[in-house]
Amino acid sequence: MPTALVLGVNGQDGSLLAEALLRRGYAVTGAARDAASRHVAPTPGFTYERLDLQDLAALGRLLEERSPDLVFHAAAVHGPAGFAYEPVWAAMAAVNTVSLHTVLEHARTRNPAMRVIYANSAKIFPGPLTGRIDETTPYRATCLYSIGKIASLELIRHYRTRHGIAAGNLILFNHESRRRSANYFLPRIAEALDHALADPAFRLEVETLDFHGDWSCAAELMDIAVDVAEKAPDEDFVMASGTTWTGRAAVETIFASHGLDWTRHIAMRQLPRNPGPSFAVALDRLEEKTARRPMKHINDITEQLRPVSPR
């Protein structure tokens, strides 16, 4: 039976990864700093370990004890747009980057056959994004979070080219589930839709809708991530839906699918403006290596974000 260690298993991506791995017959160890597993139900194939990734010695002991075939590093200190990373820089660097080095060093010195997949971020690309975005798009830090993610990207590439470790980056664009913080854009819109269906007078105020975005289904993306780990663990991939929306078009489409006029329920604080040039995430490499690409429409994603029992 193949074995996997998922770091950050209590987050959205880590828990969905663990569930995808369990469906495929892996024995999964999930690690996070909470006292118990938050999302993944107890099963014979799942073991939960309490672990603070700032404790590198404890991480090393866990890697030695479990000796996994595959490590998914999905742990991160992360916040929505506008989040201030300066006060949490030390913890963020330790969790997002330094712990990755410990995993890669374990692979180099103790378990060279171990595969390592790191959940990276499209935040490595400076905005506003324009044109074709793929694995060759130049990256540049624009905040402390992207500094750490770029360092992790380069760590993976160094250990891959210098030491032959099968390691790769998943460069993730917006991907959503009910396990995502409600502060993010699409979860807020899904909640607003739910309220609007119950109350014709409901209105939500947002800063602006004049921007471009690519949103995918987190569960679908994490299932594809397992395909990456199995078929091409030593490559980097952009991970997105491949469909770009303006915020305005996304909201209009979502509300119209329920027969609602979005302008009656969503108001913008900023005056309307041209959202500027668009971008498109190219999934050629992902399709070539895994024969898959995300298929969920934005309406499907939004429905999954709504409460289990509609109002």
# chains A, B, ... in the order shown; residues from 1 in each chain; ligands from 1
>>> residues_around(residues="region 229-238 of chain A", least_positions_apart="5", cutoff="8 Å", atoms="only C-alpha atoms", output="VMD selection string")
chain A and resid 70 115 to 117 122 134 to 135 160 165 to 173 281 to 283 285 to 286 289 to 290
>>> residues_around(residues="Leu209 (chain A)", least_positions_apart="3", cutoff="12 Å", atoms="only C-alpha atoms", output="PyMOL selection string")
chain A and resi 185-186+189+205-206+212-213+245-252+262-263+266-275
>>> write_last_selection(atoms="N, CA and C atoms", output="PDB file, in the first residue's frame")
ATOM      1  N   PHE A 185     -13.370  36.091  -2.021  1.00  0.00           N
ATOM      2  CA  PHE A 185     -14.388  36.678  -2.899  1.00  0.00           C
ATOM      3  C   PHE A 185     -15.535  35.723  -3.206  1.00  0.00           C
ATOM      4  N   LEU A 186     -15.257  34.566  -3.774  1.00  0.00           N
ATOM      5  CA  LEU A 186     -16.344  33.700  -4.204  1.00  0.00           C
ATOM      6  C   LEU A 186     -17.175  33.157  -3.041  1.00  0.00           C
ATOM      7  N   ILE A 189     -19.618  35.836  -2.312  1.00  0.00           N
ATOM      8  CA  ILE A 189     -20.679  35.937  -3.314  1.00  0.00           C
ATOM      9  C   ILE A 189     -21.672  34.792  -3.149  1.00  0.00           C
ATOM     10  N   GLU A 205     -22.262  44.903   0.053  1.00  0.00           N
ATOM     11  CA  GLU A 205     -21.370  45.918  -0.493  1.00  0.00           C
ATOM     12  C   GLU A 205     -19.968  45.332  -0.641  1.00  0.00           C
ATOM     13  N   VAL A 206     -19.405  45.419  -1.843  1.00  0.00           N
ATOM     14  CA  VAL A 206     -18.040  44.957  -2.108  1.00  0.00           C
ATOM     15  C   VAL A 206     -17.225  46.150  -2.601  1.00  0.00           C
ATOM     16  N   HIS A 212     -10.082  40.863 -12.916  1.00  0.00           N
ATOM     17  CA  HIS A 212     -10.140  39.556 -13.557  1.00  0.00           C
ATOM     18  C   HIS A 212      -9.736  38.469 -12.557  1.00  0.00           C
ATOM     19  N   GLY A 213     -10.345  37.297 -12.703  1.00  0.00           N
ATOM     20  CA  GLY A 213     -10.011  36.185 -11.831  1.00  0.00           C
ATOM     21  C   GLY A 213     -10.283  34.853 -12.508  1.00  0.00           C
ATOM     22  N   TRP A 245     -12.661  35.250 -15.743  1.00  0.00           N
ATOM     23  CA  TRP A 245     -13.868  36.054 -15.618  1.00  0.00           C
ATOM     24  C   TRP A 245     -13.496  37.452 -15.120  1.00  0.00           C
ATOM     25  N   THR A 246     -14.318  38.435 -15.446  1.00  0.00           N
ATOM     26  CA  THR A 246     -14.299  39.649 -14.634  1.00  0.00           C
ATOM     27  C   THR A 246     -15.167  39.364 -13.414  1.00  0.00           C
ATOM     28  N   GLY A 247     -14.905  40.075 -12.327  1.00  0.00           N
ATOM     29  CA  GLY A 247     -15.758  39.909 -11.158  1.00  0.00           C
ATOM     30  C   GLY A 247     -17.202  40.200 -11.482  1.00  0.00           C
ATOM     31  N   ARG A 248     -17.424  41.204 -12.308  1.00  0.00           N
ATOM     32  CA  ARG A 248     -18.783  41.602 -12.683  1.00  0.00           C
ATOM     33  C   ARG A 248     -19.496  40.485 -13.466  1.00  0.00           C
ATOM     34  N   ALA A 249     -18.797  39.905 -14.461  1.00  0.00           N
ATOM     35  CA  ALA A 249     -19.406  38.837 -15.265  1.00  0.00           C
ATOM     36  C   ALA A 249     -19.664  37.595 -14.424  1.00  0.00           C
ATOM     37  N   ALA A 250     -18.744  37.305 -13.495  1.00  0.00           N
ATOM     38  CA  ALA A 250     -18.929  36.146 -12.623  1.00  0.00           C
ATOM     39  C   ALA A 250     -20.179  36.310 -11.768  1.00  0.00           C
ATOM     40  N   VAL A 251     -20.337  37.484 -11.152  1.00  0.00           N
ATOM     41  CA  VAL A 251     -21.493  37.721 -10.291  1.00  0.00           C
ATOM     42  C   VAL A 251     -22.783  37.704 -11.111  1.00  0.00           C
ATOM     43  N   GLU A 252     -22.761  38.319 -12.269  1.00  0.00           N
ATOM     44  CA  GLU A 252     -23.950  38.322 -13.126  1.00  0.00           C
ATOM     45  C   GLU A 252     -24.357  36.892 -13.489  1.00  0.00           C
ATOM     46  N   TRP A 262     -28.323  40.682 -10.346  1.00  0.00           N
ATOM     47  CA  TRP A 262     -27.286  40.916  -9.337  1.00  0.00           C
ATOM     48  C   TRP A 262     -27.247  42.357  -8.869  1.00  0.00           C
ATOM     49  N   THR A 263     -27.621  43.313  -9.737  1.00  0.00           N
ATOM     50  CA  THR A 263     -27.520  44.733  -9.377  1.00  0.00           C
ATOM     51  C   THR A 263     -28.473  45.106  -8.244  1.00  0.00           C
ATOM     52  N   ILE A 266     -25.966  43.406  -5.102  1.00  0.00           N
ATOM     53  CA  ILE A 266     -24.539  43.663  -4.923  1.00  0.00           C
ATOM     54  C   ILE A 266     -24.253  45.114  -5.288  1.00  0.00           C
ATOM     55  N   ALA A 267     -23.586  45.829  -4.393  1.00  0.00           N
ATOM     56  CA  ALA A 267     -23.212  47.219  -4.648  1.00  0.00           C
ATOM     57  C   ALA A 267     -21.697  47.360  -4.514  1.00  0.00           C
ATOM     58  N   MET A 268     -21.122  48.240  -5.344  1.00  0.00           N
ATOM     59  CA  MET A 268     -19.672  48.474  -5.312  1.00  0.00           C
ATOM     60  C   MET A 268     -19.375  49.811  -4.657  1.00  0.00           C
ATOM     61  N   ARG A 269     -18.363  49.813  -3.789  1.00  0.00           N
ATOM     62  CA  ARG A 269     -17.945  51.070  -3.161  1.00  0.00           C
ATOM     63  C   ARG A 269     -17.228  51.966  -4.167  1.00  0.00           C
ATOM     64  N   GLN A 270     -16.422  51.354  -5.037  1.00  0.00           N
ATOM     65  CA  GLN A 270     -15.696  52.120  -6.040  1.00  0.00           C
ATOM     66  C   GLN A 270     -16.569  52.362  -7.263  1.00  0.00           C
ATOM     67  N   LEU A 271     -16.315  53.468  -7.954  1.00  0.00           N
ATOM     68  CA  LEU A 271     -17.020  53.731  -9.198  1.00  0.00           C
ATOM     69  C   LEU A 271     -16.596  52.709 -10.251  1.00  0.00           C
ATOM     70  N   PRO A 272     -17.498  52.334 -11.160  1.00  0.00           N
ATOM     71  CA  PRO A 272     -17.134  51.388 -12.224  1.00  0.00           C
ATOM     72  C   PRO A 272     -15.930  51.881 -13.015  1.00  0.00           C
ATOM     73  N   ARG A 273     -15.079  50.949 -13.407  1.00  0.00           N
ATOM     74  CA  ARG A 273     -13.901  51.289 -14.198  1.00  0.00           C
ATOM     75  C   ARG A 273     -13.583  50.138 -15.134  1.00  0.00           C
ATOM     76  N   ASN A 274     -12.736  50.409 -16.105  1.00  0.00           N
ATOM     77  CA  ASN A 274     -12.290  49.369 -17.015  1.00  0.00           C
ATOM     78  C   ASN A 274     -11.382  48.402 -16.259  1.00  0.00           C
ATOM     79  N   PRO A 275     -11.685  47.093 -16.265  1.00  0.00           N
ATOM     80  CA  PRO A 275     -10.832  46.154 -15.519  1.00  0.00           C
ATOM     81  C   PRO A 275      -9.467  45.940 -16.146  1.00  0.00           C
TER      82      PRO A 275
END
>>> residues_around(residues="region 12-15 of chain A", least_positions_apart="3", cutoff="8 Å", atoms="only C-alpha atoms", output="list in words")
Val6, Leu7, Gly8, Val9, Ala18, Glu19, His39, Val40, Phe72, His73, Ala74, Ala75, Ser177, Arg179, Arg180, Ala218, Ala219 and Met222 of chain A
>>> closest_residue(among="A:Pro200, A:Gly60, A:Gly25, A:Pro294", to="Phe46 (chain A)", atoms="only C-alpha atoms")
A:Gly25
>>> closest_atom_pairs(of="region 117-231 of chain A", to="region 256-260 of chain A", cutoff="12 Å", atoms="only C-alpha atoms", output="CSV")
residue,atom,partner,partner_atom,distance
A:Ala190,CA,A:His258,CA,11.8
A:Ala192,CA,A:Leu260,CA,11.6
A:Leu193,CA,A:His258,CA,8.7
A:Asp194,CA,A:His258,CA,10.1
A:His195,CA,A:Leu260,CA,11.8
A:Ala196,CA,A:Leu260,CA,8.3
A:Leu197,CA,A:His258,CA,8.2
A:Ala198,CA,A:Leu260,CA,11.6
A:Asp199,CA,A:Leu260,CA,11.6
A:Pro200,CA,A:Leu260,CA,9.3
A:Ala201,CA,A:Leu260,CA,11.9
A:Phe202,CA,A:Leu260,CA,11.9
>>> write_last_selection(atoms="C-alpha atoms", output="short mmCIF file (atom, residue, chain, number, x, y, z; two decimals), in the first residue's frame")
data_model
loop_
_atom_site.label_atom_id
_atom_site.label_comp_id
_atom_site.auth_asym_id
_atom_site.auth_seq_id
_atom_site.Cartn_x
_atom_site.Cartn_y
_atom_site.Cartn_z
CA ALA A 190 -22.09 32.46 -2.63
CA ALA A 192 -24.78 36.73 -0.73
CA LEU A 193 -26.64 34.60 -3.27
CA ASP A 194 -28.04 32.46 -0.49
CA HIS A 195 -29.23 35.54 1.42
CA ALA A 196 -30.69 37.12 -1.73
CA LEU A 197 -32.73 34.00 -2.48
CA ALA A 198 -34.20 34.21 1.03
CA ASP A 199 -34.59 37.99 1.22
CA PRO A 200 -35.33 40.10 -1.91
CA ALA A 201 -34.14 43.21 -0.03
CA PHE A 202 -30.69 41.82 0.83
#
>>> closest_residue(among="A:Thr243, A:Phe211, A:Arg188, A:Asp284", to="Pro128 (chain A)", atoms="only C-alpha atoms")
A:Phe211
>>> select_by_dssp(residues="region 18-64 of chain A", states="helix (DSSP H, G or I)", output="list in words")
Ala18, Glu19, Ala20, Leu21, Leu22, Arg23, Leu56, Ala57, Ala58, Leu59, Gly60, Arg61, Leu62, Leu63 and Glu64 of chain A
>>> write_last_selection(atoms="N, CA, C and O atoms", output="PDB file, in the first residue's frame")
ATOM      1  N   ALA A  18      -5.899  14.751   1.348  1.00  0.00           N
ATOM      2  CA  ALA A  18      -5.948  13.517   2.129  1.00  0.00           C
ATOM      3  C   ALA A  18      -7.122  12.656   1.698  1.00  0.00           C
ATOM      4  O   ALA A  18      -6.990  11.427   1.542  1.00  0.00           O
ATOM      5  N   GLU A  19      -8.268  13.267   1.486  1.00  0.00           N
ATOM      6  CA  GLU A  19      -9.445  12.510   1.063  1.00  0.00           C
ATOM      7  C   GLU A  19      -9.253  11.912  -0.327  1.00  0.00           C
ATOM      8  O   GLU A  19      -9.656  10.766  -0.590  1.00  0.00           O
ATOM      9  N   ALA A  20      -8.629  12.668  -1.238  1.00  0.00           N
ATOM     10  CA  ALA A  20      -8.363  12.148  -2.582  1.00  0.00           C
ATOM     11  C   ALA A  20      -7.394  10.969  -2.522  1.00  0.00           C
ATOM     12  O   ALA A  20      -7.568   9.965  -3.234  1.00  0.00           O
ATOM     13  N   LEU A  21      -6.380  11.065  -1.678  1.00  0.00           N
ATOM     14  CA  LEU A  21      -5.416   9.979  -1.533  1.00  0.00           C
ATOM     15  C   LEU A  21      -6.067   8.731  -0.929  1.00  0.00           C
ATOM     16  O   LEU A  21      -5.803   7.604  -1.372  1.00  0.00           O
ATOM     17  N   LEU A  22      -6.916   8.924   0.057  1.00  0.00           N
ATOM     18  CA  LEU A  22      -7.603   7.783   0.670  1.00  0.00           C
ATOM     19  C   LEU A  22      -8.489   7.068  -0.346  1.00  0.00           C
ATOM     20  O   LEU A  22      -8.555   5.830  -0.358  1.00  0.00           O
ATOM     21  N   ARG A  23      -9.150   7.835  -1.207  1.00  0.00           N
ATOM     22  CA  ARG A  23      -9.991   7.211  -2.237  1.00  0.00           C
ATOM     23  C   ARG A  23      -9.168   6.342  -3.183  1.00  0.00           C
ATOM     24  O   ARG A  23      -9.689   5.385  -3.772  1.00  0.00           O
ATOM     25  N   LEU A  56      11.051  22.032  13.761  1.00  0.00           N
ATOM     26  CA  LEU A  56      11.682  21.265  12.692  1.00  0.00           C
ATOM     27  C   LEU A  56      12.166  19.901  13.171  1.00  0.00           C
ATOM     28  O   LEU A  56      12.161  18.928  12.404  1.00  0.00           O
ATOM     29  N   ALA A  57      12.570  19.816  14.412  1.00  0.00           N
ATOM     30  CA  ALA A  57      13.010  18.523  14.950  1.00  0.00           C
ATOM     31  C   ALA A  57      11.847  17.536  14.968  1.00  0.00           C
ATOM     32  O   ALA A  57      12.006  16.356  14.621  1.00  0.00           O
ATOM     33  N   ALA A  58      10.672  18.004  15.376  1.00  0.00           N
ATOM     34  CA  ALA A  58       9.497  17.128  15.400  1.00  0.00           C
ATOM     35  C   ALA A  58       9.106  16.704  13.990  1.00  0.00           C
ATOM     36  O   ALA A  58       8.715  15.552  13.758  1.00  0.00           O
ATOM     37  N   LEU A  59       9.222  17.623  13.047  1.00  0.00           N
ATOM     38  CA  LEU A  59       8.952  17.271  11.648  1.00  0.00           C
ATOM     39  C   LEU A  59       9.930  16.203  11.169  1.00  0.00           C
ATOM     40  O   LEU A  59       9.526  15.228  10.520  1.00  0.00           O
ATOM     41  N   GLY A  60      11.205  16.371  11.491  1.00  0.00           N
ATOM     42  CA  GLY A  60      12.194  15.381  11.104  1.00  0.00           C
ATOM     43  C   GLY A  60      11.902  14.012  11.691  1.00  0.00           C
ATOM     44  O   GLY A  60      12.048  12.982  11.015  1.00  0.00           O
ATOM     45  N   ARG A  61      11.464  13.979  12.957  1.00  0.00           N
ATOM     46  CA  ARG A  61      11.148  12.699  13.594  1.00  0.00           C
ATOM     47  C   ARG A  61       9.949  12.032  12.917  1.00  0.00           C
ATOM     48  O   ARG A  61       9.932  10.812  12.729  1.00  0.00           O
ATOM     49  N   LEU A  62       8.960  12.837  12.538  1.00  0.00           N
ATOM     50  CA  LEU A  62       7.786  12.282  11.872  1.00  0.00           C
ATOM     51  C   LEU A  62       8.152  11.703  10.512  1.00  0.00           C
ATOM     52  O   LEU A  62       7.700  10.611  10.139  1.00  0.00           O
ATOM     53  N   LEU A  63       8.984  12.401   9.765  1.00  0.00           N
ATOM     54  CA  LEU A  63       9.430  11.897   8.464  1.00  0.00           C
ATOM     55  C   LEU A  63      10.212  10.596   8.634  1.00  0.00           C
ATOM     56  O   LEU A  63      10.046   9.649   7.853  1.00  0.00           O
ATOM     57  N   GLU A  64      11.058  10.533   9.653  1.00  0.00           N
ATOM     58  CA  GLU A  64      11.852   9.330   9.895  1.00  0.00           C
ATOM     59  C   GLU A  64      10.951   8.157  10.299  1.00  0.00           C
ATOM     60  O   GLU A  64      11.120   7.019   9.819  1.00  0.00           O
TER      61      GLU A  64
END
>>> residues_around(residues="Glu220 (chain A)", least_positions_apart="4", cutoff="10 Å", atoms="only C-alpha atoms", output="PyMOL selection string")
chain A and resi 16-17+20+175-177+216+224-225+241+293-296
>>> residues_around(residues="Gly45 (chain A)", least_positions_apart="2", cutoff="7 Å", atoms="only C-alpha atoms", output="PyMOL selection string")
chain A and resi 22+27-28+43+47
>>> closest_residue(among="A:Asp261, A:Arg38, A:Leu104, A:Glu49", to="Glu65 (chain A)", atoms="only C-alpha atoms")
A:Glu49
>>> select_by_dssp(residues="region 229-274 of chain A", states="strand (DSSP E)", output="list of chain:residue names")
A:Phe237, A:Val238, A:Met239, A:Trp245, A:Thr246, A:Ile266, A:Ala267, A:Met268
>>> write_last_selection(atoms="N, CA, C and O atoms", output="mmCIF file, in the first residue's frame")
data_model
loop_
_atom_site.group_PDB
_atom_site.id
_atom_site.type_symbol
_atom_site.label_atom_id
_atom_site.label_comp_id
_atom_site.auth_asym_id
_atom_site.auth_seq_id
_atom_site.Cartn_x
_atom_site.Cartn_y
_atom_site.Cartn_z
ATOM 1 N N PHE A 237 3.593 22.891 -12.257
ATOM 2 C CA PHE A 237 2.374 23.070 -13.026
ATOM 3 C C PHE A 237 1.582 24.269 -12.514
ATOM 4 O O PHE A 237 1.425 24.429 -11.300
ATOM 5 N N VAL A 238 1.083 25.102 -13.440
ATOM 6 C CA VAL A 238 0.051 26.059 -13.059
ATOM 7 C C VAL A 238 -1.247 25.280 -12.918
ATOM 8 O O VAL A 238 -1.534 24.369 -13.696
ATOM 9 N N MET A 239 -2.023 25.629 -11.897
ATOM 10 C CA MET A 239 -3.254 24.900 -11.581
ATOM 11 C C MET A 239 -4.398 25.903 -11.473
ATOM 12 O O MET A 239 -4.430 26.723 -10.555
ATOM 13 N N TRP A 245 -12.661 35.250 -15.743
ATOM 14 C CA TRP A 245 -13.868 36.054 -15.618
ATOM 15 C C TRP A 245 -13.496 37.452 -15.120
ATOM 16 O O TRP A 245 -12.510 37.613 -14.405
ATOM 17 N N THR A 246 -14.318 38.435 -15.446
ATOM 18 C CA THR A 246 -14.299 39.649 -14.634
ATOM 19 C C THR A 246 -15.167 39.364 -13.414
ATOM 20 O O THR A 246 -16.066 38.505 -13.459
ATOM 21 N N ILE A 266 -25.966 43.406 -5.102
ATOM 22 C CA ILE A 266 -24.539 43.663 -4.923
ATOM 23 C C ILE A 266 -24.253 45.114 -5.288
ATOM 24 O O ILE A 266 -24.627 45.572 -6.379
ATOM 25 N N ALA A 267 -23.586 45.829 -4.393
ATOM 26 C CA ALA A 267 -23.212 47.219 -4.648
ATOM 27 C C ALA A 267 -21.697 47.360 -4.514
ATOM 28 O O ALA A 267 -21.072 46.696 -3.683
ATOM 29 N N MET A 268 -21.122 48.240 -5.344
ATOM 30 C CA MET A 268 -19.672 48.474 -5.312
ATOM 31 C C MET A 268 -19.375 49.811 -4.657
ATOM 32 O O MET A 268 -20.030 50.812 -4.944
#
